[in-house]
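This report refers to the structure that appears directly beneath it.
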Amino acid sequence: MSRSDAPTRTRRLDGPGVVSGAAVGVTLGAPLIAISFLAWRFTRLPFVAFDAFDWMTRTLPGPIVTFGIEAVVGIVRGAHLGATAETAKTVEQAMGVAGVLAGCGLAGAALFALLRRARSGWPYVAGALTGAALGVPAALISASVNRTPEGEAIVGGAWIIAVFLTWGVAVAWSRHRMGRARVAEVARIDRRRFLLTLGGASAVITVAGAYVGTLRLERRQSPGVASGRWSASHRLPNAGAEVQPAPGTRPEFTPLEEHYRIDINTRPLEIDEKTWRLRVHGLVNAPLALTLADLRSQYAPLHQFVTIACISNPVAGDLIGTTRWTGISLKRLLADWRLKPAATHLKIRSADGFFEVVPLATVMADERVMLAYEWDGVPLTAGHGFPLRIYIPNLYGMKQPKWIESIEATDHWEPGYWVDRGWDREARMKATSVVDTVAIDAVVRGDGQRLVPIGGVAHAGARGVSRVEVQVDGGEWHPAQLRTPLSGLTWVIWRFDWPFQKGRHTFSVRCYDGKGVVQSADEAPPHPAGASGIHSRNAAF
Ligand SMILES: Nc1nc2c(c(=O)[nH]1)N[C@H]1C(S)=C(S)[C@@H](COP(=O)(O)O)O[C@H]1N2
Ligand SMILES: [Mo]
């Protein structure tokens with residue numbers, strides 16, 4: 001061996017670096033997520049990716065969460081990605097998964113950097129510690145979001161930590177395996193080959209896990225109760241109404257599957273009726289724990305047709321729906337609950353940590369405030385608040401807890417969940433109207449002219465709609481016809497048969513509430529008090 005060879009032979013062969021570490025971390029993060037997903041689908045174990053997202057939703061400052069909501073709603077609508085609420089939930093779930101992958105990438109990079117420095121050391125111990133550094137906070141986050149009974153939370157936490165420990169050890173093993181070759185060239189090829197094999201194995205596990213888990217998901221979620229629905233066997237109360245919706249108007253009675261769903265959870269809460277109780281406590285003479293059967297059997301049901309909307313609904317958005325609610329007037333319940341004289345408010349808490357505070361005066365003044373257990377004649381679905389939710393006329397959905405667990409009588413007002421995060425204190429529904437359709441394919445004849453049916457919905461909370469007007473190309477406002485609504489609490493279908501003229505036209509609509517107050521024409525975004533503005537639709541013939 002000549003002296004000049006020596007530098008080459010003894011040249012330090014660096015172990016794989018941070019980029020490889022990030023790649024291995026992410027590659028092994030994918031099957032970690034798939035296995036956690038499967039376990040969640042088939043058992044009661046927690047799913048860390050969704051829990052992490054839910055935790056962020058609850059913990060981040062209100063303005064950031066609001067910005068996130070508006071960005072997602074804006075993109076889903078702007079890019080026509082389908083039903084806003086449903087797509088937004090998918091985006092949230094994907095963000096949860098991406099967050100865990102990013103965490104795995106960062107931790108993988110850190111571990112590789114550490115192991116490169118500390119040449120000897122205990123790589124597997126370092127790997128396990130890295131796994132624990134991810135797993136322990138993840139377990140705590142999951143426990144705080146899920147609020148499961150203690151025993152279950154311990155098992156769930158142990159599961160999460162075990163999964164991350166395995167991940168950490170596997171990352172350390174991968175690094176060991178990648179650092180094996182002694183010659184730089186060989187090492188590079190060997191690493192690349194190893195990463196490919198690892199990626200392939202990871203992809204197989206991930207895809208298989210996601211597929212099997214999703215099958216299970218679909219089975220659990222399919223309602224299969226269509227036949228029991230009230231609407232399947234009854235005529236709507238306004239079936240005889242004279243004014244027919246213009247073809248293309250959204251359904252007056254929203255099918256349950258199409259009703260928007262908005263809440264702070266990546267997935268619906270699954271509440272067990274057997275263990276669920278409505279706890280009534282605070283300023284009461286005797287606390288109560290009521291079962292759903294108690295509520296159903298002890299009180300005559302109240303049925304109301306109701307339109308609810310999300311305060312995040314943009315003008316003409318789809319975060320609004322109408323169905324038939326069944327429950328009990330809260331005023332009627334209060335008569336049996338024996339509140340102490342000092343009580344002035346009810347604090348209503350949900351199983352997901354959401355809450356709202358309702359003045360007693362509101363309840364006493366309006367028998368339509370109700371605790372509801374059915375929509376369209378069937379028990380509330382998991383996504384819409386099973387077993388119990390509240391309805392408060394005239395207010396946006398953010399004031400109306402689903403999955404209610406307890407009602408506390410108190411002597412003061414407090415900001416509710418979204419008020420606390422910067423949304424409007426009152427959250428009173430604004431009057432809005434929408435042009436759903438310009439039905440050029442459904443021309444009718446009248447007064448010797450061809451008339452194009454134009455139509456949509458108008459809504460002003462519980463104030464009713466007294467008048468709707470249509471404007472064509474910025475001209476005069478013409479009164480539209482109003483269809484008898486399902487109730488005083490629902491939207492109203494309007495229709496305007498427009499004398500056809502060739503060309504390009506803009507159709508605008510505005511409504512007046514029951515007191516004759518015209519809707520605001522000022523364009524306001526959803527935050528903080530609900531969107532307003534005139535909706536228009538263009539059409540060219
Ligand atoms: N427990 C709980 N209740 C909740 C929410 C929530 O996040 N958690 N979201 C509220 C909001 S913002 C709206 S718009 C309505 C939506 O009800 P829906 O999903 O049944 O349409 O639920 C309300 N009730
Ligand atoms: Mo909402």
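Residue numbering restarts at 1 in every chain; chains get A, B, ... in the order shown in the structure tokens, and ligands count up from 1 in that same order.
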Next item on the list: Residues up to 7 Å from ligand 2, counting only C-alpha atoms and all ligand atoms: could you list those as a list in words?
Entry: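 Going residue by residue within 7 Å of ligand 2, we get Ile262, Asp263, Ala309, Cys310, Ile311, Ser312, Tyr396, Gly397 and Met398 of chain A.
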Go ahead and write the residues just picked, all heavy atoms, as a PDB file, in the first residue's frame.
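To be explicit, this is the file written out as result_21.pdb:
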```
ATOM      1  N   ILE A 262     -71.177  20.700  10.421  1.00  0.00           N
ATOM      2  CA  ILE A 262     -70.045  21.525  10.856  1.00  0.00           C
ATOM      3  C   ILE A 262     -69.860  21.338  12.356  1.00  0.00           C
ATOM      4  O   ILE A 262     -70.812  21.478  13.129  1.00  0.00           O
ATOM      5  CB  ILE A 262     -70.303  23.024  10.557  1.00  0.00           C
ATOM      6  CG1 ILE A 262     -70.281  23.298   9.055  1.00  0.00           C
ATOM      7  CG2 ILE A 262     -69.277  23.906  11.272  1.00  0.00           C
ATOM      8  CD1 ILE A 262     -68.918  23.301   8.410  1.00  0.00           C
ATOM      9  N   ASP A 263     -68.657  20.993  12.742  1.00  0.00           N
ATOM     10  CA  ASP A 263     -68.313  20.943  14.162  1.00  0.00           C
ATOM     11  C   ASP A 263     -66.807  20.843  14.284  1.00  0.00           C
ATOM     12  O   ASP A 263     -66.104  20.789  13.289  1.00  0.00           O
ATOM     13  CB  ASP A 263     -69.015  19.754  14.848  1.00  0.00           C
ATOM     14  CG  ASP A 263     -68.853  18.470  14.084  1.00  0.00           C
ATOM     15  OD1 ASP A 263     -67.694  18.043  13.928  1.00  0.00           O
ATOM     16  OD2 ASP A 263     -69.860  17.892  13.628  1.00  0.00           O
ATOM     17  N   ALA A 309     -78.419  27.265   9.826  1.00  0.00           N
ATOM     18  CA  ALA A 309     -77.303  27.665   8.968  1.00  0.00           C
ATOM     19  C   ALA A 309     -76.082  27.896   9.824  1.00  0.00           C
ATOM     20  O   ALA A 309     -76.193  28.247  11.007  1.00  0.00           O
ATOM     21  CB  ALA A 309     -77.647  28.937   8.201  1.00  0.00           C
ATOM     22  N   CYS A 310     -74.944  27.703   9.218  1.00  0.00           N
ATOM     23  CA  CYS A 310     -73.679  27.964   9.887  1.00  0.00           C
ATOM     24  C   CYS A 310     -73.307  29.426   9.665  1.00  0.00           C
ATOM     25  O   CYS A 310     -73.514  29.958   8.574  1.00  0.00           O
ATOM     26  CB  CYS A 310     -72.595  27.058   9.316  1.00  0.00           C
ATOM     27  SG  CYS A 310     -70.989  27.274  10.106  1.00  0.00           S
ATOM     28  N   ILE A 311     -72.749  30.035  10.685  1.00  0.00           N
ATOM     29  CA  ILE A 311     -72.330  31.438  10.554  1.00  0.00           C
ATOM     30  C   ILE A 311     -71.215  31.569   9.513  1.00  0.00           C
ATOM     31  O   ILE A 311     -71.003  32.643   8.956  1.00  0.00           O
ATOM     32  CB  ILE A 311     -71.922  32.002  11.938  1.00  0.00           C
ATOM     33  CG1 ILE A 311     -71.885  33.526  11.921  1.00  0.00           C
ATOM     34  CG2 ILE A 311     -70.599  31.424  12.412  1.00  0.00           C
ATOM     35  CD1 ILE A 311     -71.896  34.165  13.287  1.00  0.00           C
ATOM     36  N   SER A 312     -70.530  30.473   9.214  1.00  0.00           N
ATOM     37  CA  SER A 312     -69.486  30.490   8.180  1.00  0.00           C
ATOM     38  C   SER A 312     -70.048  30.326   6.773  1.00  0.00           C
ATOM     39  O   SER A 312     -69.279  30.297   5.805  1.00  0.00           O
ATOM     40  CB  SER A 312     -68.461  29.384   8.429  1.00  0.00           C
ATOM     41  OG  SER A 312     -67.729  29.639   9.588  1.00  0.00           O
ATOM     42  N   TYR A 396     -77.523  31.426  14.627  1.00  0.00           N
ATOM     43  CA  TYR A 396     -76.688  30.547  13.809  1.00  0.00           C
ATOM     44  C   TYR A 396     -76.319  29.284  14.584  1.00  0.00           C
ATOM     45  O   TYR A 396     -76.365  29.254  15.834  1.00  0.00           O
ATOM     46  CB  TYR A 396     -75.412  31.275  13.389  1.00  0.00           C
ATOM     47  CG  TYR A 396     -75.611  32.267  12.272  1.00  0.00           C
ATOM     48  CD1 TYR A 396     -75.444  33.628  12.492  1.00  0.00           C
ATOM     49  CD2 TYR A 396     -75.953  31.840  10.985  1.00  0.00           C
ATOM     50  CE1 TYR A 396     -75.605  34.553  11.464  1.00  0.00           C
ATOM     51  CE2 TYR A 396     -76.113  32.757   9.952  1.00  0.00           C
ATOM     52  CZ  TYR A 396     -75.947  34.112  10.193  1.00  0.00           C
ATOM     53  OH  TYR A 396     -76.108  35.010   9.178  1.00  0.00           O
ATOM     54  N   GLY A 397     -75.901  28.268  13.847  1.00  0.00           N
ATOM     55  CA  GLY A 397     -75.564  26.964  14.432  1.00  0.00           C
ATOM     56  C   GLY A 397     -74.524  27.032  15.536  1.00  0.00           C
ATOM     57  O   GLY A 397     -74.525  26.199  16.432  1.00  0.00           O
ATOM     58  N   MET A 398     -73.622  28.010  15.471  1.00  0.00           N
ATOM     59  CA  MET A 398     -72.557  28.086  16.484  1.00  0.00           C
ATOM     60  C   MET A 398     -73.086  28.256  17.902  1.00  0.00           C
ATOM     61  O   MET A 398     -72.349  28.095  18.873  1.00  0.00           O
ATOM     62  CB  MET A 398     -71.592  29.237  16.177  1.00  0.00           C
ATOM     63  CG  MET A 398     -72.246  30.609  16.223  1.00  0.00           C
ATOM     64  SD  MET A 398     -71.039  31.988  16.197  1.00  0.00           S
ATOM     65  CE  MET A 398     -71.040  32.478  17.922  1.00  0.00           C
TER      66      MET A 398
END
```
Next item on the list: Quick one: everything within 7 Å of Ala409 (chain A), counting only C-alpha atoms, minus sequence neighbours fewer than 5 positions away in the same chain. Send it as a PyMOL selection string.
Entry: chain A and resi 281-284+343+345-347
Counting only C-alpha atoms, which residues of region 1-103 of chain A sit at most 9 Å from some atom of region 174-198 of chain A, and what is each one's closest atom pair with its distance in Å to one decimal, listed by chain and rising residue number, as CSV?
```
residue,atom,partner,partner_atom,distance
A:Arg9,CA,A:Val183,CA,8.8
A:Leu13,CA,A:Ala184,CA,6.4
A:Asp14,CA,A:Gly179,CA,8.3
A:Gly15,CA,A:Gly179,CA,5.4
A:Pro16,CA,A:Gly179,CA,6.6
A:Ser20,CA,A:Arg175,CA,8.6
A:Gly21,CA,A:Arg175,CA,7.7
A:Ala23,CA,A:Leu195,CA,8.2
A:Val24,CA,A:Leu195,CA,7.4
A:Thr27,CA,A:Leu198,CA,7.3
A:Leu28,CA,A:Leu198,CA,8.0
```
Which residues of chain A sit at most 9 Å from ligand 1, using only C-alpha atoms and all ligand atoms? Give each one's shortest atom pair and distance in Å (one decimal place), in chain and ascending residue order, as a tab-separated table.
```
residue	atom	partner	partner_atom_place_in_ligand_line	distance
A:Ala85	CA	ligand 1	19 (O)	8.5
A:His259	CA	ligand 1	21 (O)	6.2
A:Tyr260	CA	ligand 1	21 (O)	4.9
A:Arg261	CA	ligand 1	19 (O)	3.1
A:Ile262	CA	ligand 1	19 (O)	4.2
A:Asp263	CA	ligand 1	7 (O)	3.0
A:Ile264	CA	ligand 1	7 (O)	3.9
A:Asn265	CA	ligand 1	7 (O)	6.5
A:Leu269	CA	ligand 1	1 (N)	8.9
A:Ile308	CA	ligand 1	21 (O)	7.0
A:Ala309	CA	ligand 1	14 (S)	5.8
A:Cys310	CA	ligand 1	14 (S)	3.6
A:Ile311	CA	ligand 1	14 (S)	6.4
A:Ser312	CA	ligand 1	14 (S)	7.5
A:Asn313	CA	ligand 1	14 (S)	8.4
A:Leu319	CA	ligand 1	14 (S)	7.4
A:Ile320	CA	ligand 1	21 (O)	7.3
A:Gly321	CA	ligand 1	21 (O)	7.2
A:Arg349	CA	ligand 1	1 (N)	7.5
A:Ser350	CA	ligand 1	1 (N)	4.7
A:Ala351	CA	ligand 1	1 (N)	6.4
A:Asp352	CA	ligand 1	1 (N)	5.5
A:Gly353	CA	ligand 1	1 (N)	6.8
A:Phe354	CA	ligand 1	1 (N)	4.7
A:Phe355	CA	ligand 1	1 (N)	6.8
A:Glu356	CA	ligand 1	3 (N)	8.9
A:Leu380	CA	ligand 1	20 (O)	8.8
A:Thr381	CA	ligand 1	20 (O)	8.9
A:Gly383	CA	ligand 1	19 (O)	6.5
A:His384	CA	ligand 1	20 (O)	3.9
A:Gly385	CA	ligand 1	20 (O)	6.5
A:Arg389	CA	ligand 1	3 (N)	7.6
A:Ile390	CA	ligand 1	24 (N)	8.4
A:Tyr396	CA	ligand 1	14 (S)	6.5
A:Gly397	CA	ligand 1	14 (S)	3.6
A:Met398	CA	ligand 1	12 (S)	3.6
A:Lys399	CA	ligand 1	23 (C)	6.5
A:Gln400	CA	ligand 1	24 (N)	4.8
A:Pro401	CA	ligand 1	3 (N)	3.6
A:Lys402	CA	ligand 1	3 (N)	3.8
A:Trp403	CA	ligand 1	1 (N)	5.2
A:Ile404	CA	ligand 1	1 (N)	6.6
A:Tyr417	CA	ligand 1	7 (O)	8.5
A:Trp418	CA	ligand 1	12 (S)	7.8
```
Any chance you could export the current selection's C-alpha atoms as a compact mmCIF listing (two decimals), in the first residue's frame?
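Output (again.txt):
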```
# COMPACT_ATOMS: atom_id res chain seq x y z
CA ALA A 85 -68.92 20.64 4.74
CA HIS A 259 -77.54 18.23 5.34
CA TYR A 260 -74.30 20.09 6.00
CA ARG A 261 -72.29 19.06 9.02
CA ILE A 262 -70.04 21.53 10.86
CA ASP A 263 -68.31 20.94 14.16
CA ILE A 264 -64.91 20.89 15.81
CA ASN A 265 -64.40 17.16 15.24
CA LEU A 269 -68.75 11.48 18.11
CA ILE A 308 -80.36 26.02 10.46
CA ALA A 309 -77.30 27.66 8.97
CA CYS A 310 -73.68 27.96 9.89
CA ILE A 311 -72.33 31.44 10.55
CA SER A 312 -69.49 30.49 8.18
CA ASN A 313 -71.93 30.05 5.33
CA LEU A 319 -73.90 25.35 4.90
CA ILE A 320 -77.66 25.60 5.48
CA GLY A 321 -80.36 22.95 5.63
CA ARG A 349 -71.98 21.36 27.57
CA SER A 350 -71.27 18.80 24.87
CA ALA A 351 -69.24 15.62 24.79
CA ASP A 352 -66.62 17.28 22.57
CA GLY A 353 -65.94 20.16 24.95
CA PHE A 354 -68.14 22.57 22.97
CA PHE A 355 -70.53 24.66 25.07
CA GLU A 356 -72.92 27.57 24.95
CA LEU A 380 -80.12 12.01 15.32
CA THR A 381 -77.18 10.51 13.45
CA GLY A 383 -72.70 13.45 12.89
CA HIS A 384 -75.69 15.58 13.82
CA GLY A 385 -75.51 15.25 17.57
CA ARG A 389 -79.00 18.70 20.68
CA ILE A 390 -80.58 22.06 21.26
CA TYR A 396 -76.69 30.55 13.81
CA GLY A 397 -75.56 26.96 14.43
CA MET A 398 -72.56 28.09 16.48
CA LYS A 399 -75.00 28.75 19.34
CA GLN A 400 -76.61 25.31 19.22
CA PRO A 401 -74.66 22.48 20.86
CA LYS A 402 -74.95 18.93 19.54
CA TRP A 403 -74.05 15.83 21.65
CA ILE A 404 -75.30 17.53 24.82
CA TYR A 417 -67.16 28.25 22.52
CA TRP A 418 -67.09 30.36 19.36
```
Item checked: Pick from A:Thr43, A:Thr362, A:Thr266, A:Ser231, whichever lies nearest to Lys89 (chain A) using only C-alpha atoms -> A:Thr266
Checklist line | Selected residue of minimal separation from His527 (chain A) among A:Glu469, A:Glu242, A:Asp424, A:Asp272, counting only C-alpha atoms | finding: A:Asp424
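You will find CA of Trp498 (chain A) at 7.0 Å from CA of Ile454 (chain A).
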